[in-house]
file protein_14.pdb (PDB, C-alpha atoms and all ligand atoms)
MODEL        1
ATOM      1  CA  MET A   1      90.038 119.376 116.022  1.00  0.00           C
ATOM      2  CA  SER A   2      93.563 120.085 114.984  1.00  0.00           C
ATOM      3  CA  ARG A   3      95.361 117.510 112.946  1.00  0.00           C
ATOM      4  CA  ILE A   4      98.433 115.915 114.457  1.00  0.00           C
ATOM      5  CA  ASN A   5     101.004 114.741 111.952  1.00  0.00           C
ATOM      6  CA  PRO A   6     103.687 112.336 113.109  1.00  0.00           C
ATOM      7  CA  ILE A   7     107.198 113.748 113.018  1.00  0.00           C
ATOM      8  CA  LYS A   8     108.791 110.333 112.686  1.00  0.00           C
ATOM      9  CA  ILE A   9     107.727 106.939 111.363  1.00  0.00           C
ATOM     10  CA  ASN A  10     110.042 103.972 111.288  1.00  0.00           C
ATOM     11  CA  LYS A  11     110.183 100.197 111.472  1.00  0.00           C
ATOM     12  CA  PRO A  12     112.168  99.087 114.541  1.00  0.00           C
ATOM     13  CA  GLU A  13     111.603  95.494 113.357  1.00  0.00           C
ATOM     14  CA  PRO A  14     110.401  94.268 109.960  1.00  0.00           C
ATOM     15  CA  TYR A  15     107.037  93.511 111.543  1.00  0.00           C
ATOM     16  CA  LEU A  16     106.643  96.637 113.703  1.00  0.00           C
ATOM     17  CA  LEU A  17     105.809 100.248 113.020  1.00  0.00           C
ATOM     18  CA  GLN A  18     106.753 103.070 115.350  1.00  0.00           C
ATOM     19  CA  ALA A  19     105.592 106.656 115.213  1.00  0.00           C
ATOM     20  CA  GLU A  20     106.354 109.751 117.165  1.00  0.00           C
ATOM     21  CA  TRP A  21     104.342 112.959 117.275  1.00  0.00           C
ATOM     22  CA  VAL A  22     105.216 116.558 117.931  1.00  0.00           C
ATOM     23  CA  ASP A  23     103.529 116.449 121.354  1.00  0.00           C
ATOM     24  CA  GLY A  24     105.980 113.750 122.476  1.00  0.00           C
ATOM     25  CA  LYS A  25     103.561 110.842 122.146  1.00  0.00           C
ATOM     26  CA  LYS A  26     105.090 107.625 120.820  1.00  0.00           C
ATOM     27  CA  ALA A  27     103.487 104.331 119.875  1.00  0.00           C
ATOM     28  CA  ILE A  28     104.398 100.970 118.365  1.00  0.00           C
ATOM     29  CA  ILE A  29     101.998  98.627 116.616  1.00  0.00           C
ATOM     30  CA  SER A  30     102.443  95.477 114.578  1.00  0.00           C
ATOM     31  CA  LEU A  31     102.230  95.789 110.822  1.00  0.00           C
ATOM     32  CA  GLU A  32      99.608  93.077 111.036  1.00  0.00           C
ATOM     33  CA  MET A  33      97.429  95.402 113.091  1.00  0.00           C
ATOM     34  CA  LEU A  34      98.068  98.272 110.700  1.00  0.00           C
ATOM     35  CA  ARG A  35      96.947  96.026 107.839  1.00  0.00           C
ATOM     36  CA  ARG A  36      93.874  94.800 109.693  1.00  0.00           C
ATOM     37  CA  GLU A  37      92.871  98.410 110.394  1.00  0.00           C
ATOM     38  CA  CYS A  38      93.148  99.337 106.709  1.00  0.00           C
ATOM     39  CA  PRO A  39      90.455 101.974 106.209  1.00  0.00           C
ATOM     40  CA  CYS A  40      89.772 101.391 102.513  1.00  0.00           C
ATOM     41  CA  ALA A  41      86.271 100.564 101.310  1.00  0.00           C
ATOM     42  CA  TYR A  42      87.364  97.090 100.239  1.00  0.00           C
ATOM     43  CA  CYS A  43      88.602  96.132 103.718  1.00  0.00           C
ATOM     44  CA  LYS A  44      86.138  97.994 105.896  1.00  0.00           C
ATOM     45  CA  GLY A  45      83.096  97.658 103.698  1.00  0.00           C
ATOM     46  CA  GLU A  46      81.055 100.523 102.373  1.00  0.00           C
ATOM     47  CA  LYS A  47      78.021 101.948 104.085  1.00  0.00           C
ATOM     48  CA  VAL A  48      76.106 105.085 103.285  1.00  0.00           C
ATOM     49  CA  GLY A  49      73.546 105.804 105.941  1.00  0.00           C
ATOM     50  CA  ASN A  50      71.889 102.468 106.645  1.00  0.00           C
ATOM     51  CA  LYS A  51      72.497 101.058 103.205  1.00  0.00           C
ATOM     52  CA  VAL A  52      75.334  98.540 103.033  1.00  0.00           C
ATOM     53  CA  TYR A  53      77.097  98.465  99.671  1.00  0.00           C
ATOM     54  CA  SER A  54      79.780  95.971 100.580  1.00  0.00           C
ATOM     55  CA  HIS A  55      80.715  94.077 103.706  1.00  0.00           C
ATOM     56  CA  PRO A  56      84.050  94.220 105.486  1.00  0.00           C
ATOM     57  CA  ILE A  57      86.421  91.407 104.534  1.00  0.00           C
ATOM     58  CA  GLU A  58      88.859  89.368 106.595  1.00  0.00           C
ATOM     59  CA  VAL A  59      92.494  89.864 105.647  1.00  0.00           C
ATOM     60  CA  LYS A  60      93.886  86.704 104.064  1.00  0.00           C
ATOM     61  CA  GLU A  61      97.081  85.528 105.730  1.00  0.00           C
ATOM     62  CA  GLU A  62      98.918  85.158 102.443  1.00  0.00           C
ATOM     63  CA  PRO A  63     102.649  85.766 101.941  1.00  0.00           C
ATOM     64  CA  GLY A  64     103.421  89.450 102.179  1.00  0.00           C
ATOM     65  CA  ALA A  65     100.016  90.268 103.647  1.00  0.00           C
ATOM     66  CA  PHE A  66     101.571  92.010 106.636  1.00  0.00           C
ATOM     67  CA  GLU A  67     104.737  93.289 104.989  1.00  0.00           C
ATOM     68  CA  VAL A  68     105.018  96.849 103.794  1.00  0.00           C
ATOM     69  CA  LYS A  69     106.340  97.406 100.294  1.00  0.00           C
ATOM     70  CA  ASP A  70     106.168 101.184 100.424  1.00  0.00           C
ATOM     71  CA  MET A  71     104.721 104.062 102.424  1.00  0.00           C
ATOM     72  CA  LYS A  72     104.150 107.551 101.106  1.00  0.00           C
ATOM     73  CA  PRO A  73     102.681 110.667 102.642  1.00  0.00           C
ATOM     74  CA  ILE A  74      99.776 112.092 100.673  1.00  0.00           C
ATOM     75  CA  GLY A  75      99.838 115.842 100.739  1.00  0.00           C
ATOM     76  CA  ASN A  76      99.812 116.945 104.310  1.00  0.00           C
ATOM     77  CA  TYR A  77      96.936 114.861 105.538  1.00  0.00           C
ATOM     78  CA  ALA A  78      97.489 111.141 105.116  1.00  0.00           C
ATOM     79  CA  LEU A  79      99.733 108.149 104.598  1.00  0.00           C
ATOM     80  CA  ALA A  80      99.346 105.658 101.761  1.00  0.00           C
ATOM     81  CA  VAL A  81     100.523 102.142 102.567  1.00  0.00           C
ATOM     82  CA  MET A  82     101.373  99.600  99.867  1.00  0.00           C
ATOM     83  CA  TRP A  83     101.587  95.980 100.999  1.00  0.00           C
ATOM     84  CA  LYS A  84     103.690  93.209  99.485  1.00  0.00           C
ATOM     85  CA  SER A  85     100.510  91.246  98.846  1.00  0.00           C
ATOM     86  CA  GLY A  86      99.618  93.918  96.294  1.00  0.00           C
ATOM     87  CA  HIS A  87      96.982  95.656  98.417  1.00  0.00           C
ATOM     88  CA  ASP A  88      97.482  99.386  97.907  1.00  0.00           C
ATOM     89  CA  THR A  89      94.193 101.199  98.418  1.00  0.00           C
ATOM     90  CA  GLY A  90      94.643 102.011 102.092  1.00  0.00           C
ATOM     91  CA  ILE A  91      94.892 105.724 102.826  1.00  0.00           C
ATOM     92  CA  TYR A  92      95.393 106.418 106.524  1.00  0.00           C
ATOM     93  CA  THR A  93      94.561 110.007 107.430  1.00  0.00           C
ATOM     94  CA  TRP A  94      96.886 111.300 110.146  1.00  0.00           C
ATOM     95  CA  ASP A  95      94.009 111.468 112.611  1.00  0.00           C
ATOM     96  CA  TYR A  96      93.068 107.851 111.929  1.00  0.00           C
ATOM     97  CA  PHE A  97      96.716 106.799 111.953  1.00  0.00           C
ATOM     98  CA  ARG A  98      97.232 108.243 115.396  1.00  0.00           C
ATOM     99  CA  GLU A  99      93.978 106.784 116.640  1.00  0.00           C
ATOM    100  CA  ILE A 100      94.847 103.196 115.652  1.00  0.00           C
ATOM    101  CA  LEU A 101      98.444 103.456 116.841  1.00  0.00           C
ATOM    102  CA  VAL A 102      97.457 104.785 120.240  1.00  0.00           C
ATOM    103  CA  LYS A 103      94.605 102.279 120.521  1.00  0.00           C
ATOM    104  CA  ASN A 104      96.823  99.299 119.620  1.00  0.00           C
ATOM    105  CA  ASP A 105     100.086 100.491 121.161  1.00  0.00           C
ATOM    106  CA  ILE A 106     102.224  97.552 122.334  1.00  0.00           C
ATOM    107  CA  THR A 107     105.310  99.537 123.399  1.00  0.00           C
ATOM    108  CA  ASN A 108     105.120  98.220 126.949  1.00  0.00           C
ATOM    109  CA  ASP A 109     103.511  94.894 126.156  1.00  0.00           C
ATOM    110  CA  ALA A 110     106.374  92.380 126.170  1.00  0.00           C
ATOM    111  CA  GLU A 111     103.965  89.504 125.569  1.00  0.00           C
ATOM    112  CA  ALA A 112     102.515  91.071 122.409  1.00  0.00           C
ATOM    113  CA  LEU A 113     105.961  91.997 121.102  1.00  0.00           C
ATOM    114  CA  LYS A 114     107.144  88.421 121.578  1.00  0.00           C
ATOM    115  CA  LEU A 115     104.059  87.067 119.856  1.00  0.00           C
ATOM    116  CA  GLN A 116     104.629  89.321 116.847  1.00  0.00           C
ATOM    117  CA  ALA A 117     108.271  88.231 116.596  1.00  0.00           C
ATOM    118  CA  GLU A 118     107.211  84.579 116.661  1.00  0.00           C
ATOM    119  CA  LYS A 119     104.521  85.138 114.064  1.00  0.00           C
ATOM    120  CA  TYR A 120     107.031  86.853 111.827  1.00  0.00           C
ATOM    121  CA  GLU A 121     109.535  83.987 112.126  1.00  0.00           C
ATOM    122  CA  LYS A 122     106.786  81.512 111.351  1.00  0.00           C
ATOM    123  CA  SER A 123     105.615  83.421 108.295  1.00  0.00           C
ATOM    124  CA  LYS A 124     109.190  83.576 106.972  1.00  0.00           C
ATOM    125  CA  LYS A 125     109.422  79.788 107.258  1.00  0.00           C
ATOM    126  CA  LYS A 126     106.099  79.366 105.523  1.00  0.00           C
ATOM    127  CA  ILE A 127     107.225  81.500 102.604  1.00  0.00           C
ATOM    128  CA  LYS A 128     110.441  79.489 102.277  1.00  0.00           C
ATOM    129  CA  LEU A 129     108.448  76.259 102.147  1.00  0.00           C
ATOM    130  CA  ASP A 130     106.205  77.715  99.478  1.00  0.00           C
ATOM    131  CA  VAL A 131     109.267  78.382  97.346  1.00  0.00           C
ATOM    132  CA  LEU A 132     110.477  74.785  97.697  1.00  0.00           C
TER     133      LEU A 132
HETATM  134 ZN    ZN A 201      92.265  98.004 102.458  1.00  0.00          ZN
ENDMDL
END
call {"tool": "encode", "arguments": {"input": "protein_14.pdb", "output": "structure tokens", "more": "lines below"}}
Ligand SMILES: [Zn+2]
result
Amino acid sequence: MSRINPIKINKPEPYLLQAEWVDGKKAIISLEMLRRECPCAYCKGEKVGNKVYSHPIEVKEEPGAFEVKDMKPIGNYALAVMWKSGHDTGIYTWDYFREILVKNDITNDAEALKLQAEKYEKSKKKIKLDVL
């Protein structure tokens, strides 16, 4: 299988991530979904064969949980995503990245886009209250 690297990644809204690939495919997902699909051993649990070393965990909805602090390509094969919550062990290979974006694409889902916008507004309010 040939690897497909995105040619463009951007954030059309502070809570959305958009990518475009060389074959013309485009997709938008929420940062919340990107976070929930974090492939690291801590989030997804660790299993070798049938032996379970650790179980997957639920993402805590804490401030900054779904906000990206930084994103960096790793070599030519993956993207590292650092979250404002401090979680920074997620390495998304380009194959996996494309898979989750295409699977969770909400480009044409007005309902989902609206829901994400509302969630984002709500989380901003929550953070403000926490500061007070
Ligand atoms: Zn993780």
call {"tool": "closest_atom_pairs", "arguments": {"input": "protein_14.pdb", "of": "chain A", "to": "ligand ZN 201 (chain A)", "cutoff": "6 Å", "atoms": "all atoms listed in the file", "output": "JSON lines"}}
result
{"residue": "A:Cys38", "atom": "CA", "partner": "A:ZN201", "partner_atom": "ZN", "distance": 4.5}
{"residue": "A:Pro39", "atom": "CA", "partner": "A:ZN201", "partner_atom": "ZN", "distance": 5.8}
{"residue": "A:Cys40", "atom": "CA", "partner": "A:ZN201", "partner_atom": "ZN", "distance": 4.2}
{"residue": "A:Tyr42", "atom": "CA", "partner": "A:ZN201", "partner_atom": "ZN", "distance": 5.5}
{"residue": "A:Cys43", "atom": "CA", "partner": "A:ZN201", "partner_atom": "ZN", "distance": 4.3}
{"residue": "A:Thr89", "atom": "CA", "partner": "A:ZN201", "partner_atom": "ZN", "distance": 5.5}
{"residue": "A:Gly90", "atom": "CA", "partner": "A:ZN201", "partner_atom": "ZN", "distance": 4.7}
call {"tool": "write_last_selection", "arguments": {"input": "protein_14.pdb", "atoms": "C-alpha atoms", "output": "short mmCIF file (atom, residue, chain, number, x, y, z; two decimals), keeping the file's coordinate frame"}}
result
data_model
loop_
_atom_site.label_atom_id
_atom_site.label_comp_id
_atom_site.auth_asym_id
_atom_site.auth_seq_id
_atom_site.Cartn_x
_atom_site.Cartn_y
_atom_site.Cartn_z
CA CYS A 38 93.15 99.34 106.71
CA PRO A 39 90.46 101.97 106.21
CA CYS A 40 89.77 101.39 102.51
CA TYR A 42 87.36 97.09 100.24
CA CYS A 43 88.60 96.13 103.72
CA THR A 89 94.19 101.20 98.42
CA GLY A 90 94.64 102.01 102.09
#
call {"tool": "atom_distance", "arguments": {"input": "protein_14.pdb", "atom1": "CA of Ala27 in chain A", "atom2": "CA of Gln116 in chain A"}}
result
15.4 Å
call {"tool": "atom_distance", "arguments": {"input": "protein_14.pdb", "atom1": "CA of Ala80 in chain A", "atom2": "CA of Lys51 in chain A"}}
result
27.3 Å
call {"tool": "resolve_selection", "arguments": {"input": "protein_14.pdb", "expression": "the PyMOL selection byres (((chain A and resi 57-71) around 6) and not hetatm)", "output": "list in words"}}
result
Leu31, Glu32, Cys43, Pro56, Lys72, Ala80, Val81, Met82, Trp83, Lys84 and Ser85 of chain A
call {"tool": "closest_residue", "arguments": {"input": "protein_14.pdb", "among": "A:Gly24, A:Pro14, A:Gly45, A:Pro73", "to": "Thr93 in chain A", "atoms": "only C-alpha atoms"}}
result
A:Pro73
call {"tool": "residues_near_point", "arguments": {"input": "protein_14.pdb", "point": "(94.1, 107.1, 110.2)", "cutoff": "12 Å", "atoms": "all atoms listed in the file", "output": "PDB file with C-alpha atoms, in the coordinates of the input"}}
result
ATOM      1  CA  ARG A   3      95.361 117.510 112.946  1.00  0.00           C
ATOM      2  CA  ILE A   4      98.433 115.915 114.457  1.00  0.00           C
ATOM      3  CA  ASN A   5     101.004 114.741 111.952  1.00  0.00           C
ATOM      4  CA  PRO A   6     103.687 112.336 113.109  1.00  0.00           C
ATOM      5  CA  LEU A  34      98.068  98.272 110.700  1.00  0.00           C
ATOM      6  CA  ARG A  35      96.947  96.026 107.839  1.00  0.00           C
ATOM      7  CA  GLU A  37      92.871  98.410 110.394  1.00  0.00           C
ATOM      8  CA  CYS A  38      93.148  99.337 106.709  1.00  0.00           C
ATOM      9  CA  PRO A  39      90.455 101.974 106.209  1.00  0.00           C
ATOM     10  CA  CYS A  40      89.772 101.391 102.513  1.00  0.00           C
ATOM     11  CA  PRO A  73     102.681 110.667 102.642  1.00  0.00           C
ATOM     12  CA  TYR A  77      96.936 114.861 105.538  1.00  0.00           C
ATOM     13  CA  ALA A  78      97.489 111.141 105.116  1.00  0.00           C
ATOM     14  CA  LEU A  79      99.733 108.149 104.598  1.00  0.00           C
ATOM     15  CA  ALA A  80      99.346 105.658 101.761  1.00  0.00           C
ATOM     16  CA  VAL A  81     100.523 102.142 102.567  1.00  0.00           C
ATOM     17  CA  GLY A  90      94.643 102.011 102.092  1.00  0.00           C
ATOM     18  CA  ILE A  91      94.892 105.724 102.826  1.00  0.00           C
ATOM     19  CA  TYR A  92      95.393 106.418 106.524  1.00  0.00           C
ATOM     20  CA  THR A  93      94.561 110.007 107.430  1.00  0.00           C
ATOM     21  CA  TRP A  94      96.886 111.300 110.146  1.00  0.00           C
ATOM     22  CA  ASP A  95      94.009 111.468 112.611  1.00  0.00           C
ATOM     23  CA  TYR A  96      93.068 107.851 111.929  1.00  0.00           C
ATOM     24  CA  PHE A  97      96.716 106.799 111.953  1.00  0.00           C
ATOM     25  CA  ARG A  98      97.232 108.243 115.396  1.00  0.00           C
ATOM     26  CA  GLU A  99      93.978 106.784 116.640  1.00  0.00           C
ATOM     27  CA  ILE A 100      94.847 103.196 115.652  1.00  0.00           C
ATOM     28  CA  LEU A 101      98.444 103.456 116.841  1.00  0.00           C
ATOM     29  CA  VAL A 102      97.457 104.785 120.240  1.00  0.00           C
ATOM     30  CA  LYS A 103      94.605 102.279 120.521  1.00  0.00           C
TER      31      LYS A 103
END
call {"tool": "atom_distance", "arguments": {"input": "protein_14.pdb", "atom1": "CA of Ile9 in chain A", "atom2": "CA of Lys25 in chain A"}}
result
12.2 Å
call {"tool": "closest_residue", "arguments": {"input": "protein_14.pdb", "among": "A:Ile29, A:Ala41, A:Asn104, A:Tyr15", "to": "His55 in chain A", "atoms": "all atoms listed in the file"}}
result
A:Ala41
call {"tool": "residues_near_point", "arguments": {"input": "protein_14.pdb", "point": "(105.6, 100.5, 122.1)", "cutoff": "6 Å", "atoms": "all atoms listed in the file", "output": "list in words"}}
result
Ala27, Ile28, Asp105, Ile106, Thr107 and Asn108 of chain A
call {"tool": "decode", "arguments": {"input": "protein_14.pdb", "residues": "range 29-116 of chain A", "atoms": "C-alpha atoms", "output": "mmCIF file, in the first residue's frame"}}
result
data_model
loop_
_atom_site.group_PDB
_atom_site.id
_atom_site.type_symbol
_atom_site.label_atom_id
_atom_site.label_comp_id
_atom_site.auth_asym_id
_atom_site.auth_seq_id
_atom_site.Cartn_x
_atom_site.Cartn_y
_atom_site.Cartn_z
ATOM 1 C CA ILE A 29 -13.054 16.621 11.280
ATOM 2 C CA SER A 30 -13.458 18.157 14.708
ATOM 3 C CA LEU A 31 -10.372 18.440 16.865
ATOM 4 C CA GLU A 32 -12.381 16.595 19.478
ATOM 5 C CA MET A 33 -12.596 13.611 17.148
ATOM 6 C CA LEU A 34 -8.900 13.851 16.344
ATOM 7 C CA ARG A 35 -8.170 13.784 20.079
ATOM 8 C CA ARG A 36 -10.523 10.881 20.726
ATOM 9 C CA GLU A 37 -8.822 8.898 17.952
ATOM 10 C CA CYS A 38 -5.377 9.482 19.472
ATOM 11 C CA PRO A 39 -3.447 6.313 18.643
ATOM 12 C CA CYS A 40 -0.997 6.367 21.552
ATOM 13 C CA ALA A 41 -0.759 3.415 23.922
ATOM 14 C CA TYR A 42 -2.085 5.506 26.800
ATOM 15 C CA CYS A 43 -5.318 6.408 24.987
ATOM 16 C CA LYS A 44 -5.934 3.251 23.003
ATOM 17 C CA GLY A 45 -4.595 0.763 25.495
ATOM 18 C CA GLU A 46 -1.852 -1.716 24.820
ATOM 19 C CA LYS A 47 -2.413 -5.236 23.610
ATOM 20 C CA VAL A 48 0.103 -7.744 22.374
ATOM 21 C CA GLY A 49 -1.611 -10.772 20.956
ATOM 22 C CA ASN A 50 -4.349 -11.612 23.440
ATOM 23 C CA LYS A 51 -2.560 -10.153 26.417
ATOM 24 C CA VAL A 52 -3.890 -6.776 27.532
ATOM 25 C CA TYR A 53 -1.260 -4.565 29.149
ATOM 26 C CA SER A 54 -3.416 -1.504 29.623
ATOM 27 C CA HIS A 55 -6.985 -0.600 28.800
ATOM 28 C CA PRO A 56 -8.111 2.281 26.621
ATOM 29 C CA ILE A 57 -9.048 5.405 28.570
ATOM 30 C CA GLU A 58 -11.816 7.942 28.072
ATOM 31 C CA VAL A 59 -10.599 11.432 27.233
ATOM 32 C CA LYS A 60 -11.315 13.805 30.110
ATOM 33 C CA GLU A 61 -13.195 16.905 29.005
ATOM 34 C CA GLU A 62 -10.807 19.250 30.770
ATOM 35 C CA PRO A 63 -9.857 22.734 29.545
ATOM 36 C CA GLY A 64 -7.668 22.497 26.484
ATOM 37 C CA ALA A 65 -8.442 18.815 25.975
ATOM 38 C CA PHE A 66 -9.571 19.405 22.402
ATOM 39 C CA GLU A 67 -7.338 22.352 21.561
ATOM 40 C CA VAL A 68 -4.145 21.894 19.618
ATOM 41 C CA LYS A 69 -1.028 23.543 20.988
ATOM 42 C CA ASP A 70 1.260 22.395 18.201
ATOM 43 C CA MET A 71 1.474 19.979 15.287
ATOM 44 C CA LYS A 72 4.678 18.743 13.722
ATOM 45 C CA PRO A 73 5.399 16.314 10.929
ATOM 46 C CA ILE A 74 7.685 13.473 11.954
ATOM 47 C CA GLY A 75 10.015 12.567 9.158
ATOM 48 C CA ASN A 76 7.958 11.723 6.154
ATOM 49 C CA TYR A 77 5.552 9.321 7.757
ATOM 50 C CA ALA A 78 3.545 10.861 10.571
ATOM 51 C CA LEU A 79 2.153 13.845 12.420
ATOM 52 C CA ALA A 80 2.743 14.538 16.104
ATOM 53 C CA VAL A 81 -0.053 16.436 17.828
ATOM 54 C CA MET A 82 0.458 18.303 21.103
ATOM 55 C CA TRP A 83 -2.702 19.259 22.983
ATOM 56 C CA LYS A 84 -3.192 22.202 25.326
ATOM 57 C CA SER A 85 -4.094 19.762 28.084
ATOM 58 C CA GLY A 86 -0.473 18.614 27.971
ATOM 59 C CA HIS A 87 -1.133 15.333 26.161
ATOM 60 C CA ASP A 88 1.651 14.937 23.608
ATOM 61 C CA THR A 89 2.251 11.257 22.930
ATOM 62 C CA GLY A 90 -0.049 10.925 19.936
ATOM 63 C CA ILE A 91 1.753 10.106 16.699
ATOM 64 C CA TYR A 92 -0.637 9.850 13.761
ATOM 65 C CA THR A 93 0.901 8.004 10.826
ATOM 66 C CA TRP A 94 -0.264 9.485 7.524
ATOM 67 C CA ASP A 95 -2.196 6.323 6.719
ATOM 68 C CA TYR A 96 -4.009 6.448 10.055
ATOM 69 C CA PHE A 97 -4.521 10.197 9.742
ATOM 70 C CA ARG A 98 -6.238 9.803 6.410
ATOM 71 C CA GLU A 99 -8.277 6.879 7.657
ATOM 72 C CA ILE A 100 -9.750 8.772 10.632
ATOM 73 C CA LEU A 101 -10.332 11.962 8.656
ATOM 74 C CA VAL A 102 -12.158 10.168 5.874
ATOM 75 C CA LYS A 103 -14.100 8.041 8.363
ATOM 76 C CA ASN A 104 -15.190 11.054 10.447
ATOM 77 C CA ASP A 105 -15.469 13.634 7.670
ATOM 78 C CA ILE A 106 -18.137 16.249 8.465
ATOM 79 C CA THR A 107 -17.554 18.529 5.457
ATOM 80 C CA ASN A 108 -21.137 18.148 4.280
ATOM 81 C CA ASP A 109 -22.711 17.578 7.668
ATOM 82 C CA ALA A 110 -24.181 20.952 8.657
ATOM 83 C CA GLU A 111 -25.656 19.474 11.832
ATOM 84 C CA ALA A 112 -22.291 18.166 13.064
ATOM 85 C CA LEU A 113 -20.533 21.419 12.189
ATOM 86 C CA LYS A 114 -23.112 23.389 14.158
ATOM 87 C CA LEU A 115 -22.789 21.047 17.113
ATOM 88 C CA GLN A 116 -19.010 21.470 17.161
#
